[in-house]
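Colleague: Just data-v5.tsv, nothing more (TSV, C-alpha atoms):
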chain	number	residue	atom	x	y	z
A	23	MET	CA	-8.47	15.85	9.68
A	24	LYS	CA	-7.73	17.99	12.70
A	25	LYS	CA	-4.69	20.14	13.14
A	26	VAL	CA	-3.47	20.66	16.68
A	27	LEU	CA	-1.30	23.72	17.16
A	28	PHE	CA	1.01	23.68	20.15
A	29	ALA	CA	1.93	27.04	21.64
A	30	VAL	CA	3.91	27.15	24.86
A	31	ALA	CA	3.96	30.42	26.72
A	32	ALA	CA	6.36	29.50	29.52
A	33	THR	CA	8.86	31.97	28.09
A	34	GLY	CA	8.85	34.35	25.16
A	35	LEU	CA	11.51	32.22	23.46
A	36	ALA	CA	9.52	28.99	23.85
A	37	ALA	CA	6.36	30.65	22.61
A	38	SER	CA	8.18	31.96	19.55
A	39	ALA	CA	9.69	28.55	18.76
A	40	PHE	CA	6.54	26.49	19.18
A	41	ALA	CA	4.41	28.95	17.23
A	42	GLN	CA	6.30	27.79	14.13
A	43	SER	CA	5.53	24.10	14.77
A	44	ASN	CA	2.42	22.04	14.14
A	45	VAL	CA	1.29	18.46	14.57
A	46	THR	CA	-1.51	16.78	12.62
A	47	ILE	CA	-3.40	13.83	14.08
A	48	TYR	CA	-5.00	11.67	11.40
A	49	GLY	CA	-6.42	8.22	10.92
A	50	SER	CA	-8.80	5.84	9.21
A	51	MET	CA	-11.30	3.24	10.42
A	52	ASP	CA	-13.14	0.80	8.19
A	53	ALA	CA	-15.44	-2.13	8.91
A	54	GLY	CA	-17.82	-4.15	6.76
A	55	VAL	CA	-19.69	-7.43	6.56
A	56	ALA	CA	-18.02	-9.70	4.01
A	57	TYR	CA	-18.99	-12.98	2.40
A	58	ILE	CA	-16.15	-15.11	0.99
A	59	SER	CA	-16.88	-18.17	-1.11
A	60	ASN	CA	-14.74	-21.29	-1.36
A	61	LEU	CA	-12.46	-20.45	1.54
A	62	ASN	CA	-10.48	-23.45	2.78
A	63	GLY	CA	-13.07	-25.71	1.22
A	64	GLY	CA	-16.11	-23.81	2.53
A	65	SER	CA	-17.55	-20.30	2.70
A	66	VAL	CA	-17.64	-17.73	5.47
A	67	ALA	CA	-19.42	-14.55	6.50
A	68	ARG	CA	-17.35	-12.29	8.74
A	69	LEU	CA	-16.65	-8.74	9.83
A	70	ASP	CA	-13.77	-7.39	7.76
A	71	GLN	CA	-11.63	-4.36	8.51
A	72	GLY	CA	-9.59	-2.04	6.33
A	73	THR	CA	-11.21	-3.00	3.02
A	74	MET	CA	-11.34	0.52	1.56
A	75	GLN	CA	-8.31	1.84	3.43
A	76	PRO	CA	-6.04	0.30	6.06
A	77	ASP	CA	-7.05	1.06	9.64
A	78	ARG	CA	-4.46	3.36	11.18
A	79	ILE	CA	-3.77	6.31	13.43
A	80	GLY	CA	-0.87	8.67	12.90
A	81	PHE	CA	0.89	11.85	13.89
A	82	ARG	CA	2.61	14.07	11.35
A	83	GLY	CA	4.52	17.21	12.30
A	84	THR	CA	6.71	19.96	10.90
A	85	GLU	CA	8.81	22.74	12.38
A	86	ASP	CA	9.78	25.77	10.32
A	87	LEU	CA	13.52	26.32	10.83
A	88	GLY	CA	13.71	29.36	8.56
A	89	GLY	CA	15.13	29.79	5.08
A	90	ASN	CA	12.56	27.32	3.72
A	91	LEU	CA	14.13	24.56	5.84
A	92	LYS	CA	11.77	22.34	7.85
A	93	ALA	CA	12.13	19.49	10.30
A	94	ASN	CA	9.57	16.71	9.78
A	95	PHE	CA	8.39	13.59	11.56
A	96	GLN	CA	5.71	10.93	11.07
A	97	LEU	CA	4.49	8.19	13.39
A	98	GLU	CA	1.78	5.81	12.13
A	99	ALA	CA	0.34	2.65	13.67
A	100	GLY	CA	-1.82	0.09	11.88
A	101	PHE	CA	-4.52	-1.84	13.71
A	102	TYR	CA	-7.61	-3.98	13.12
A	103	THR	CA	-10.93	-2.24	13.77
A	104	ASP	CA	-12.72	-5.57	14.26
A	105	THR	CA	-10.45	-6.65	17.15
A	106	GLY	CA	-8.41	-3.58	18.13
A	107	ALA	CA	-5.20	-5.58	17.74
A	108	SER	CA	-2.04	-4.24	16.12
A	109	THR	CA	-1.35	-5.39	12.57
A	110	LYS	CA	2.20	-6.24	13.62
A	111	ALA	CA	2.67	-7.60	17.12
A	112	GLY	CA	5.48	-6.00	19.09
A	113	TYR	CA	5.62	-2.84	16.97
A	114	LEU	CA	3.83	0.31	18.13
A	115	PHE	CA	4.38	2.49	15.04
A	116	ASN	CA	4.47	-0.35	12.54
A	117	ARG	CA	3.69	1.65	9.37
A	118	TYR	CA	5.82	4.79	9.73
A	119	SER	CA	8.38	5.98	12.22
A	120	THR	CA	10.46	8.68	10.52
A	121	VAL	CA	12.28	11.93	11.08
A	122	GLY	CA	13.93	14.19	8.51
A	123	LEU	CA	14.59	17.55	6.90
A	124	SER	CA	13.06	19.16	3.80
A	125	GLY	CA	13.84	22.34	1.87
A	126	ASP	CA	14.90	23.66	-1.50
A	127	PHE	CA	17.21	20.64	-1.86
A	128	GLY	CA	14.30	18.17	-1.54
A	129	ALA	CA	13.77	15.92	1.47
A	130	VAL	CA	15.80	13.43	3.50
A	131	THR	CA	13.84	10.96	5.64
A	132	MET	CA	15.18	8.34	8.07
A	133	GLY	CA	13.53	5.49	9.94
A	134	ASN	CA	10.88	2.84	9.24
A	135	MET	CA	8.81	3.33	6.05
A	136	PRO	CA	7.54	1.59	2.88
A	137	ASP	CA	9.72	1.50	-0.20
A	138	VAL	CA	9.54	3.69	-3.31
A	139	VAL	CA	7.64	1.03	-5.30
A	140	PHE	CA	4.65	1.39	-2.99
A	141	ASP	CA	4.84	5.17	-2.90
A	142	TYR	CA	5.07	5.65	-6.67
A	143	ILE	CA	3.34	2.58	-8.16
A	144	GLY	CA	1.16	1.24	-5.35
A	145	LYS	CA	-0.89	4.43	-5.46
A	146	LEU	CA	-1.68	3.75	-9.14
A	147	SER	CA	-2.85	0.17	-8.55
A	148	ASN	CA	-6.41	-1.17	-8.51
A	149	GLY	CA	-6.19	-1.95	-4.81
A	150	TYR	CA	-5.47	1.70	-4.03
A	151	GLN	CA	-7.35	3.56	-6.77
A	152	LEU	CA	-10.50	1.42	-6.56
A	153	THR	CA	-10.32	1.30	-2.73
A	154	ASN	CA	-10.55	-2.49	-2.47
A	155	TRP	CA	-7.94	-4.39	-0.46
A	156	TYR	CA	-8.79	-7.66	-2.20
A	157	LEU	CA	-7.51	-6.32	-5.52
A	158	PHE	CA	-3.85	-6.34	-4.52
A	159	HIS	CA	-1.85	-9.08	-6.20
A	160	PRO	CA	-1.53	-12.64	-4.83
A	161	GLY	CA	1.03	-12.74	-2.05
A	162	ASN	CA	1.71	-8.99	-2.29
A	163	LEU	CA	5.22	-9.88	-3.40
A	164	ASP	CA	5.48	-6.52	-5.21
A	165	SER	CA	4.69	-4.62	-1.95
A	166	LEU	CA	1.93	-2.53	-3.55
A	167	ALA	CA	-0.34	-3.15	-0.54
A	168	ASN	CA	2.19	-1.58	1.87
A	169	THR	CA	2.23	-4.58	4.21
A	170	TYR	CA	6.02	-4.69	4.51
A	171	GLN	CA	7.79	-1.58	5.76
A	172	LEU	CA	11.57	-1.28	5.74
A	173	ASN	CA	13.49	-0.67	8.95
A	174	ASN	CA	16.72	1.31	9.30
A	175	SER	CA	16.21	3.18	6.03
A	176	VAL	CA	17.32	6.51	4.57
A	177	ARG	CA	15.39	8.07	1.69
A	178	TYR	CA	16.10	11.10	-0.48
A	179	THR	CA	13.34	12.72	-2.56
A	180	SER	CA	14.21	15.47	-5.03
A	181	PRO	CA	12.33	18.73	-5.57
A	182	THR	CA	9.82	18.67	-8.42
A	183	PHE	CA	11.14	20.09	-11.69
A	184	ALA	CA	8.63	20.57	-14.52
A	185	GLY	CA	6.49	17.81	-13.04
A	186	LEU	CA	9.39	15.37	-12.54
A	187	GLN	CA	10.41	14.00	-9.16
A	188	ALA	CA	12.91	11.28	-8.28
A	189	SER	CA	13.52	9.32	-5.10
A	190	ALA	CA	16.08	6.81	-3.82
A	191	MET	CA	16.07	4.75	-0.63
A	192	TYR	CA	18.62	2.56	1.13
A	193	GLY	CA	17.84	0.20	4.01
A	194	PHE	CA	20.77	-0.99	6.13
A	195	GLY	CA	20.87	-4.72	6.81
A	196	GLU	CA	22.98	-4.03	9.90
A	197	VAL	CA	24.55	-7.51	9.90
A	198	ALA	CA	28.19	-7.31	10.96
A	199	GLY	CA	30.54	-8.65	8.31
A	200	ASP	CA	27.80	-9.01	5.66
A	201	SER	CA	26.46	-5.67	4.43
A	202	SER	CA	24.19	-7.30	1.83
A	203	ASN	CA	22.28	-9.41	4.38
A	204	GLY	CA	18.94	-7.68	4.93
A	205	ARG	CA	19.87	-4.77	2.67
A	206	ASN	CA	17.04	-3.03	0.82
A	207	VAL	CA	17.35	-0.56	-2.04
A	208	SER	CA	14.63	1.15	-4.08
A	209	THR	CA	14.42	4.05	-6.48
A	210	GLY	CA	11.89	5.65	-8.76
A	211	VAL	CA	10.79	8.63	-10.79
A	212	SER	CA	7.33	10.14	-11.19
A	213	TYR	CA	5.86	12.69	-13.59
A	214	THR	CA	2.75	14.77	-12.97
A	215	ASN	CA	1.19	17.13	-15.49
A	216	GLY	CA	-2.39	18.20	-14.83
A	217	PRO	CA	-4.61	15.10	-15.13
A	218	LEU	CA	-1.67	12.82	-15.96
A	219	ARG	CA	0.55	10.95	-13.55
A	220	ALA	CA	3.13	8.40	-14.63
A	221	ALA	CA	5.77	6.60	-12.56
A	222	PHE	CA	8.52	4.00	-12.73
A	223	ALA	CA	10.13	2.29	-9.75
A	224	TYR	CA	12.60	-0.46	-8.86
A	225	SER	CA	13.43	-2.26	-5.63
A	226	LYS	CA	15.60	-5.13	-4.45
A	227	LEU	CA	14.93	-6.52	-1.00
A	228	ASN	CA	17.40	-9.03	0.42
A	229	ASN	CA	16.42	-11.64	3.01
A	230	ARG	CA	12.82	-10.44	3.27
A	231	ALA	CA	10.53	-12.56	5.43
A	232	ALA	CA	7.52	-14.01	3.62
A	233	GLY	CA	5.00	-12.48	6.02
A	234	TYR	CA	1.56	-12.31	4.37
A	235	ALA	CA	3.00	-14.09	1.32
A	236	GLY	CA	3.29	-17.25	3.41
A	237	THR	CA	-0.30	-18.30	2.61
A	238	PHE	CA	0.41	-17.84	-1.09
A	239	LEU	CA	3.66	-19.82	-0.97
A	240	THR	CA	2.08	-22.64	1.02
A	241	ALA	CA	-0.75	-22.97	-1.50
A	242	LEU	CA	1.77	-23.33	-4.34
A	243	GLY	CA	4.02	-25.72	-2.43
A	244	LEU	CA	6.92	-23.26	-2.58
A	245	GLY	CA	7.36	-22.36	1.08
A	246	SER	CA	5.52	-21.16	4.18
A	247	ALA	CA	5.12	-18.19	6.49
A	248	ALA	CA	8.58	-19.04	7.86
A	249	THR	CA	10.21	-18.61	4.45
A	250	VAL	CA	12.88	-15.93	4.10
A	251	PHE	CA	13.51	-14.99	0.47
A	252	ASN	CA	17.07	-14.70	-0.73
A	253	SER	CA	15.82	-11.64	-2.60
A	254	LEU	CA	12.78	-10.01	-4.19
A	255	THR	CA	13.50	-7.75	-7.17
A	256	THR	CA	10.59	-5.64	-8.41
A	257	THR	CA	10.38	-3.53	-11.54
A	258	ALA	CA	7.17	-1.53	-11.83
A	259	ALA	CA	5.46	1.15	-13.90
A	260	GLY	CA	2.08	2.86	-13.66
A	261	VAL	CA	-0.07	5.56	-15.22
A	262	GLY	CA	-3.09	7.47	-13.98
A	263	TYR	CA	-5.26	9.87	-15.98
A	264	THR	CA	-8.41	11.85	-15.20
A	265	ILE	CA	-10.97	12.77	-17.85
A	266	GLY	CA	-13.78	14.86	-16.42
A	267	ASN	CA	-15.42	12.72	-13.72
A	268	VAL	CA	-13.59	9.53	-14.76
A	269	ARG	CA	-10.26	8.47	-13.26
A	270	LEU	CA	-8.30	5.78	-15.13
A	271	ASN	CA	-5.35	3.79	-13.81
A	272	THR	CA	-3.06	1.03	-14.98
A	273	ASP	CA	0.13	-0.54	-13.65
A	274	TYR	CA	2.50	-3.41	-14.33
A	275	THR	CA	4.89	-5.12	-11.94
A	276	GLN	CA	7.48	-7.84	-12.43
A	277	VAL	CA	8.86	-9.60	-9.36
A	278	LYS	CA	11.88	-11.87	-9.57
A	279	ILE	CA	11.73	-14.26	-6.62
A	280	ALA	CA	14.87	-15.97	-5.32
A	281	LEU	CA	13.78	-18.71	-2.90
A	282	PRO	CA	16.01	-20.19	-0.17
A	283	THR	CA	15.93	-23.45	-2.15
A	284	ASN	CA	17.88	-21.57	-4.88
A	285	GLN	CA	14.82	-21.81	-7.12
A	286	GLU	CA	14.07	-18.62	-9.08
A	287	LEU	CA	10.60	-17.60	-10.26
A	288	THR	CA	9.05	-14.51	-11.83
A	289	GLN	CA	5.62	-13.09	-11.07
A	290	HIS	CA	3.94	-10.67	-13.50
A	291	ASN	CA	0.99	-8.44	-12.48
A	292	PHE	CA	-1.19	-6.11	-14.55
A	293	ASP	CA	-4.04	-3.82	-13.46
A	294	LEU	CA	-6.59	-1.77	-15.36
A	295	GLY	CA	-9.15	0.28	-13.46
A	296	SER	CA	-11.72	3.03	-13.76
A	297	ALA	CA	-13.47	5.17	-11.14
A	298	TRP	CA	-16.48	7.15	-12.42
A	299	ARG	CA	-17.99	9.80	-10.17
A	300	TYR	CA	-21.45	9.76	-11.70
A	301	SER	CA	-23.10	12.00	-9.09
A	302	THR	CA	-22.04	14.29	-6.27
A	303	GLN	CA	-22.11	11.46	-3.76
A	304	ASN	CA	-21.56	8.30	-5.83
A	305	THR	CA	-18.46	6.75	-7.42
A	306	LEU	CA	-18.57	3.56	-9.47
A	307	ASN	CA	-15.33	1.50	-9.47
A	308	VAL	CA	-14.61	-1.15	-12.12
A	309	GLY	CA	-11.37	-3.11	-12.41
A	310	TYR	CA	-9.52	-6.03	-13.99
A	311	SER	CA	-6.25	-7.65	-12.87
A	312	LEU	CA	-4.07	-10.44	-14.20
A	313	SER	CA	-1.29	-12.14	-12.26
A	314	THR	CA	0.95	-14.95	-13.50
A	315	LEU	CA	3.60	-17.12	-11.90
A	316	SER	CA	5.10	-19.95	-13.96
A	317	SER	CA	2.09	-21.71	-15.53
A	318	ASN	CA	-0.36	-20.30	-12.97
A	319	HIS	CA	-2.75	-17.48	-13.85
A	320	TRP	CA	-5.15	-15.45	-11.70
A	321	ASN	CA	-7.78	-13.27	-13.42
A	322	THR	CA	-9.73	-10.89	-11.17
A	323	VAL	CA	-12.67	-8.60	-11.97
A	324	SER	CA	-14.28	-6.17	-9.56
A	325	LEU	CA	-17.26	-3.85	-9.24
A	326	GLY	CA	-17.99	-1.44	-6.41
A	327	ASN	CA	-19.87	1.69	-5.46
A	328	VAL	CA	-18.86	4.27	-2.88
A	329	TYR	CA	-21.49	6.63	-1.43
A	330	SER	CA	-20.15	9.71	0.35
A	331	LEU	CA	-22.15	10.81	3.38
A	332	SER	CA	-19.60	13.59	3.94
A	333	LYS	CA	-15.98	14.41	3.12
A	334	THR	CA	-14.84	11.93	5.77
A	335	THR	CA	-17.54	9.25	5.94
A	336	GLU	CA	-18.44	6.78	3.19
A	337	LEU	CA	-20.62	3.73	2.67
A	338	TYR	CA	-19.53	1.13	0.14
A	339	ALA	CA	-20.59	-2.09	-1.56
A	340	GLN	CA	-18.01	-4.15	-3.42
A	341	ALA	CA	-17.83	-7.47	-5.25
A	342	SER	CA	-14.69	-9.16	-6.58
A	343	TYR	CA	-14.36	-12.44	-8.45
A	344	GLN	CA	-11.18	-14.35	-9.22
A	345	ARG	CA	-10.59	-17.29	-11.54
A	346	ALA	CA	-7.33	-19.26	-11.41
A	347	SER	CA	-5.88	-21.60	-14.01
A	348	GLY	CA	-2.74	-23.64	-14.62
A	349	GLY	CA	-3.18	-25.80	-11.55
A	350	ALA	CA	-3.42	-23.09	-8.88
A	351	ASN	CA	-6.44	-22.26	-6.71
A	352	ALA	CA	-7.86	-18.78	-6.30
A	353	ILE	CA	-6.35	-16.70	-3.50
A	354	MET	CA	-8.05	-13.32	-3.33
A	355	ASN	CA	-7.17	-12.83	0.32
A	356	GLY	CA	-3.50	-13.63	-0.20
A	357	THR	CA	-2.44	-10.13	0.83
A	358	GLY	CA	-3.54	-10.76	4.39
A	359	ALA	CA	-6.86	-8.92	4.65
A	360	SER	CA	-8.16	-9.67	8.16
A	361	GLY	CA	-5.14	-11.91	8.52
A	362	ALA	CA	-3.85	-14.55	6.11
A	363	THR	CA	-6.92	-16.78	6.28
A	364	GLY	CA	-6.25	-19.28	3.54
A	365	VAL	CA	-6.97	-19.99	-0.11
A	366	SER	CA	-9.97	-21.07	-2.11
A	367	GLY	CA	-10.84	-24.73	-2.23
A	368	SER	CA	-11.25	-24.43	-6.00
A	369	THR	CA	-10.13	-22.37	-8.96
A	370	SER	CA	-12.66	-19.60	-8.26
A	371	GLN	CA	-13.46	-17.28	-5.38
A	372	MET	CA	-15.82	-14.37	-4.80
A	373	VAL	CA	-15.74	-11.71	-2.09
A	374	THR	CA	-18.62	-9.30	-1.45
A	375	THR	CA	-18.47	-6.59	1.21
A	376	ILE	CA	-20.89	-3.93	2.48
A	377	GLY	CA	-19.31	-1.50	4.92
A	378	MET	CA	-18.45	1.93	6.21
A	379	HIS	CA	-15.25	3.95	6.13
A	380	HIS	CA	-14.45	7.01	8.25
A	381	SER	CA	-11.29	9.11	8.15
A	382	PHE	CA	-10.19	11.88	10.48
Could you rewrite the structure in this file as structure tokens?
Modeller:
Amino acid sequence: MKKVLFAVAATGLAASAFAQSNVTIYGSMDAGVAYISNLNGGSVARLDQGTMQPDRIGFRGTEDLGGNLKANFQLEAGFYTDTGASTKAGYLFNRYSTVGLSGDFGAVTMGNMPDVVFDYIGKLSNGYQLTNWYLFHPGNLDSLANTYQLNNSVRYTSPTFAGLQASAMYGFGEVAGDSSNGRNVSTGVSYTNGPLRAAFAYSKLNNRAAGYAGTFLTALGLGSAATVFNSLTTTAAGVGYTIGNVRLNTDYTQVKIALPTNQELTQHNFDLGSAWRYSTQNTLNVGYSLSTLSSNHWNTVSLGNVYSLSKTTELYAQASYQRASGGANAIMNGTGASGATGVSGSTSQMVTTIGMHHSF
């Protein structure tokens, strides 16, 4: 990660002001050769992107205003390494576009950003902790994969007291005469104490477009990519703990789904993962996930190894296998990895990937 310091010497005043400001340019690029079995009735080998981390480039800056008060901004764009295309057509900074203030009172942030459930619980999930995009839950209805950012939002995050931090976020629907249309609210609390991190979060998103969940809904006969949910209500909790060279994580999410047909469903998701750094350069990742929706069940197991060439460059090999029951087919790529490419033609599906990740 490179830090670019801007100093303007046009006048003494300008030089003094800009000397207290800094901007960080950062990003991530990831590409690997993947083999997916039972995809749309066949199998496919392809170049995947963003398997370990989402491909992105961003700018993050702060300005010291004195008295421990700072102005902050973040701009982040997601893209596909394999094609160079944006992950969200028509949006330049489709992951983050925020400005705010921070200080002794905490932080206030305004703009486009993911909700508190992703920030507090998503980072304790198998998909995040075990660096495997395919381990996020079918349809990503709980938003743990950070594929649905919220526009027109204001978020407050408290200072940390004895390891405790709380956050609340409100997204304006901005529909005249109907303040609940498109409204998004989320809140959460996290606790960190040495090797332990625990968090709880809640969100309710009104009139959210299906997006990547469209493939999942279509496979179940419940909707399509054009579906707009009446609401998605997520309750989530997660715990992470480090013992020596072993990092453990677990999380649980419950999503109450209100469909435009007035049908209501509940999805439950559970993760259990372990990352063992067994040598200076190698980390072994092992995980298990269970997702349920009505009578449908999806059991997923995963195994992967990450080899660090440096602090910023890694090679990885990963394998994930999912078994569905209750009438549903497997849908490991239901979160939209390399685009929403369909579901398995049977109750099982395997994805293997060998690739390279570089961050800057």
Colleague: Just the residues within 9 Å of A:Leu97, please, counting only C-alpha atoms, with nothing from its chain fewer than 4 positions along; format it as a PDB file with C-alpha atoms, in the coordinates of the input.
Modeller:
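What landed in selection33.pdb:
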ATOM      1  CA  ILE A  79      -3.770   6.310  13.430  1.00  0.00           C
ATOM      2  CA  GLY A  80      -0.870   8.670  12.900  1.00  0.00           C
ATOM      3  CA  PHE A  81       0.890  11.850  13.890  1.00  0.00           C
ATOM      4  CA  ARG A  82       2.610  14.070  11.350  1.00  0.00           C
ATOM      5  CA  PHE A 115       4.380   2.490  15.040  1.00  0.00           C
ATOM      6  CA  ASN A 116       4.470  -0.350  12.540  1.00  0.00           C
ATOM      7  CA  ARG A 117       3.690   1.650   9.370  1.00  0.00           C
ATOM      8  CA  TYR A 118       5.820   4.790   9.730  1.00  0.00           C
ATOM      9  CA  SER A 119       8.380   5.980  12.220  1.00  0.00           C
ATOM     10  CA  THR A 120      10.460   8.680  10.520  1.00  0.00           C
ATOM     11  CA  VAL A 121      12.280  11.930  11.080  1.00  0.00           C
TER      12      VAL A 121
END
Colleague: Can you work out which one of A:Ala184, A:Leu244, A:Val365, A:Leu152 has the shortest atom-to-atom distance to A:Gly309, counting only C-alpha atoms?
Modeller: A:Leu152
Colleague: Point out the residue among A:Thr283, A:Ser370, A:Thr249, A:Ser332 with the least atom-to-atom distance to A:Trp320, counting all atoms listed in the file.
Modeller: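 Distance minimum relative to A:Trp320 lands on A:Ser370.
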Colleague: Could you work out how far atom CA of A:Lys278 lies from atom CA of A:Thr369, giving the answer in Å with one decimal?
Modeller: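 A separation of 24.4 Å between them.
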Colleague: Axis-aligned box over every listed atom of stretch 291-300 of chain A, padded by 6 Å per side: centre and edges in Å to one decimal, as AutoDock Vina command-line options?
Modeller:
--center_x -10.2 --center_y 0.7 --center_z -12.8 --size_x 34.4 --size_y 30.2 --size_z 17.2
Colleague: Taking into account all atoms listed in the file, which residue in the set A:Leu270, A:Ala352, A:Leu114, A:Val373 is nearest to A:Gly54?
Modeller: A:Val373
Colleague: Give me the residues within 10 Å of A:Tyr113 as a ChimeraX atom specification, counting all atoms listed in the file and dropping any in the same chain fewer than 5 places off.
Modeller: /A:99-100,108
Colleague: What's the separation between atom CA of A:Thr256 and atom CA of A:His319, in Å to one decimal place?
Modeller: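 If I compute the distance from atom CA of A:Thr256 to atom CA of A:His319, I get 18.6 Å.
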Colleague: Between A:Leu315, A:Met354, A:Ala221, A:Leu306, which one has atoms that come closest to A:Ser366, using all atoms listed in the file?
Modeller: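 Closest to A:Ser366, using all atoms listed in the file: A:Met354.
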Colleague: Quote the spacing between atom CA of A:Asn228 and atom CA of A:Ile279 in Å to one decimal place.
Modeller: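 A separation of 10.4 Å between them.
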Colleague: For A:Tyr178, please output as a PyMOL selection string all residues within 10 Å (counting all atoms listed in the file; exclusion window: fewer than 6 positions along the same chain).
Modeller: chain A and resi 122-124+127-132+188-192+209
Colleague: Quick one: of A:Trp155, A:Ala280, A:Trp298, A:Val211, who's nearest to A:Gly245, counting all atoms listed in the file?
Modeller: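 Under the stated criterion, the closest residue is A:Ala280.
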Colleague: When distances are computed from all atoms listed in the file, which of A:Asn148, A:Asn271, A:Ser165, A:Asn154 shows the smallest separation from A:Gly72?
Modeller: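 Smallest separation from A:Gly72 among the options: A:Asn154.
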Colleague: With 10 Å as the threshold, what does the neighbourhood of (-6.4, 0.8, -16.3) contain in terms of residues, counting all atoms listed in the file? Coordinates are those of the file; answer as number ranges by chain.
Modeller: A: 146-148, 151, 260-263, 269-273, 292-297, 308-311
Colleague: Show me as a compact mmCIF listing (two decimals) with C-alpha atoms, in the coordinates of the input the residues that reach within 8 Å of (18.4, -0.9, 6.3), counting all atoms listed in the file and using the file's own coordinates.
Modeller:
# COMPACT_ATOMS: atom_id res chain seq x y z
CA LEU A 172 11.57 -1.28 5.74
CA ASN A 173 13.49 -0.67 8.95
CA ASN A 174 16.72 1.31 9.30
CA SER A 175 16.21 3.18 6.03
CA VAL A 176 17.32 6.51 4.57
CA TYR A 192 18.62 2.56 1.13
CA GLY A 193 17.84 0.20 4.01
CA PHE A 194 20.77 -0.99 6.13
CA GLY A 195 20.87 -4.72 6.81
CA GLU A 196 22.98 -4.03 9.90
CA GLY A 204 18.94 -7.68 4.93
CA ARG A 205 19.87 -4.77 2.67
CA ASN A 206 17.04 -3.03 0.82
Colleague: Neighbours of A:Thr374 within 7 Å (all atoms listed in the file; same-chain residues fewer than 6 positions away dropped), as JSON, numbers by chain?
Modeller: {"A": [56, 57, 58, 340, 341, 342]}
Colleague: At a cut-off of 8 Å, using all atoms listed in the file, what residues contact A:Asn168? Leave out same-chain residues fewer than 6 positions from it and give the result as an NGL selection string.
Modeller: :A and (136 or 140 or 144)
Colleague: Stretch 95-107 of chain A from the block above, N, CA and C atoms, as a PDB file, in the first residue's frame, please?
Modeller:
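part.pdb, freshly written:
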ATOM      1  N   PHE A  95     -12.530  10.884   3.691  1.00  0.00           N
ATOM      2  CA  PHE A  95     -13.284  10.487   2.505  1.00  0.00           C
ATOM      3  C   PHE A  95     -12.781   9.127   2.027  1.00  0.00           C
ATOM      4  N   GLN A  96     -13.627   8.431   1.276  1.00  0.00           N
ATOM      5  CA  GLN A  96     -13.243   7.161   0.656  1.00  0.00           C
ATOM      6  C   GLN A  96     -13.989   7.004  -0.648  1.00  0.00           C
ATOM      7  N   LEU A  97     -13.253   6.665  -1.698  1.00  0.00           N
ATOM      8  CA  LEU A  97     -13.812   6.361  -3.007  1.00  0.00           C
ATOM      9  C   LEU A  97     -13.271   4.996  -3.421  1.00  0.00           C
ATOM     10  N   GLU A  98     -14.154   4.053  -3.758  1.00  0.00           N
ATOM     11  CA  GLU A  98     -13.696   2.709  -4.110  1.00  0.00           C
ATOM     12  C   GLU A  98     -14.536   2.159  -5.244  1.00  0.00           C
ATOM     13  N   ALA A  99     -13.858   1.656  -6.273  1.00  0.00           N
ATOM     14  CA  ALA A  99     -14.525   1.098  -7.449  1.00  0.00           C
ATOM     15  C   ALA A  99     -14.197  -0.379  -7.573  1.00  0.00           C
ATOM     16  N   GLY A 100     -15.216  -1.195  -7.821  1.00  0.00           N
ATOM     17  CA  GLY A 100     -15.019  -2.615  -8.066  1.00  0.00           C
ATOM     18  C   GLY A 100     -14.995  -2.898  -9.557  1.00  0.00           C
ATOM     19  N   PHE A 101     -14.162  -3.863  -9.958  1.00  0.00           N
ATOM     20  CA  PHE A 101     -14.059  -4.217 -11.371  1.00  0.00           C
ATOM     21  C   PHE A 101     -13.718  -5.698 -11.493  1.00  0.00           C
ATOM     22  N   TYR A 102     -13.747  -6.205 -12.717  1.00  0.00           N
ATOM     23  CA  TYR A 102     -13.390  -7.591 -12.994  1.00  0.00           C
ATOM     24  C   TYR A 102     -12.014  -7.623 -13.654  1.00  0.00           C
ATOM     25  N   THR A 103     -11.060  -8.302 -13.030  1.00  0.00           N
ATOM     26  CA  THR A 103      -9.724  -8.396 -13.601  1.00  0.00           C
ATOM     27  C   THR A 103      -9.749  -9.117 -14.943  1.00  0.00           C
ATOM     28  N   ASP A 104     -10.612 -10.124 -15.080  1.00  0.00           N
ATOM     29  CA  ASP A 104     -10.595 -10.925 -16.310  1.00  0.00           C
ATOM     30  C   ASP A 104     -11.106 -10.165 -17.524  1.00  0.00           C
ATOM     31  N   THR A 105     -11.925  -9.119 -17.326  1.00  0.00           N
ATOM     32  CA  THR A 105     -12.448  -8.358 -18.465  1.00  0.00           C
ATOM     33  C   THR A 105     -12.163  -6.866 -18.375  1.00  0.00           C
ATOM     34  N   GLY A 106     -11.866  -6.373 -17.170  1.00  0.00           N
ATOM     35  CA  GLY A 106     -11.665  -4.937 -16.975  1.00  0.00           C
ATOM     36  C   GLY A 106     -12.956  -4.168 -16.796  1.00  0.00           C
ATOM     37  N   ALA A 107     -14.092  -4.849 -16.851  1.00  0.00           N
ATOM     38  CA  ALA A 107     -15.388  -4.183 -16.740  1.00  0.00           C
ATOM     39  C   ALA A 107     -15.718  -3.840 -15.290  1.00  0.00           C
TER      40      ALA A 107
END
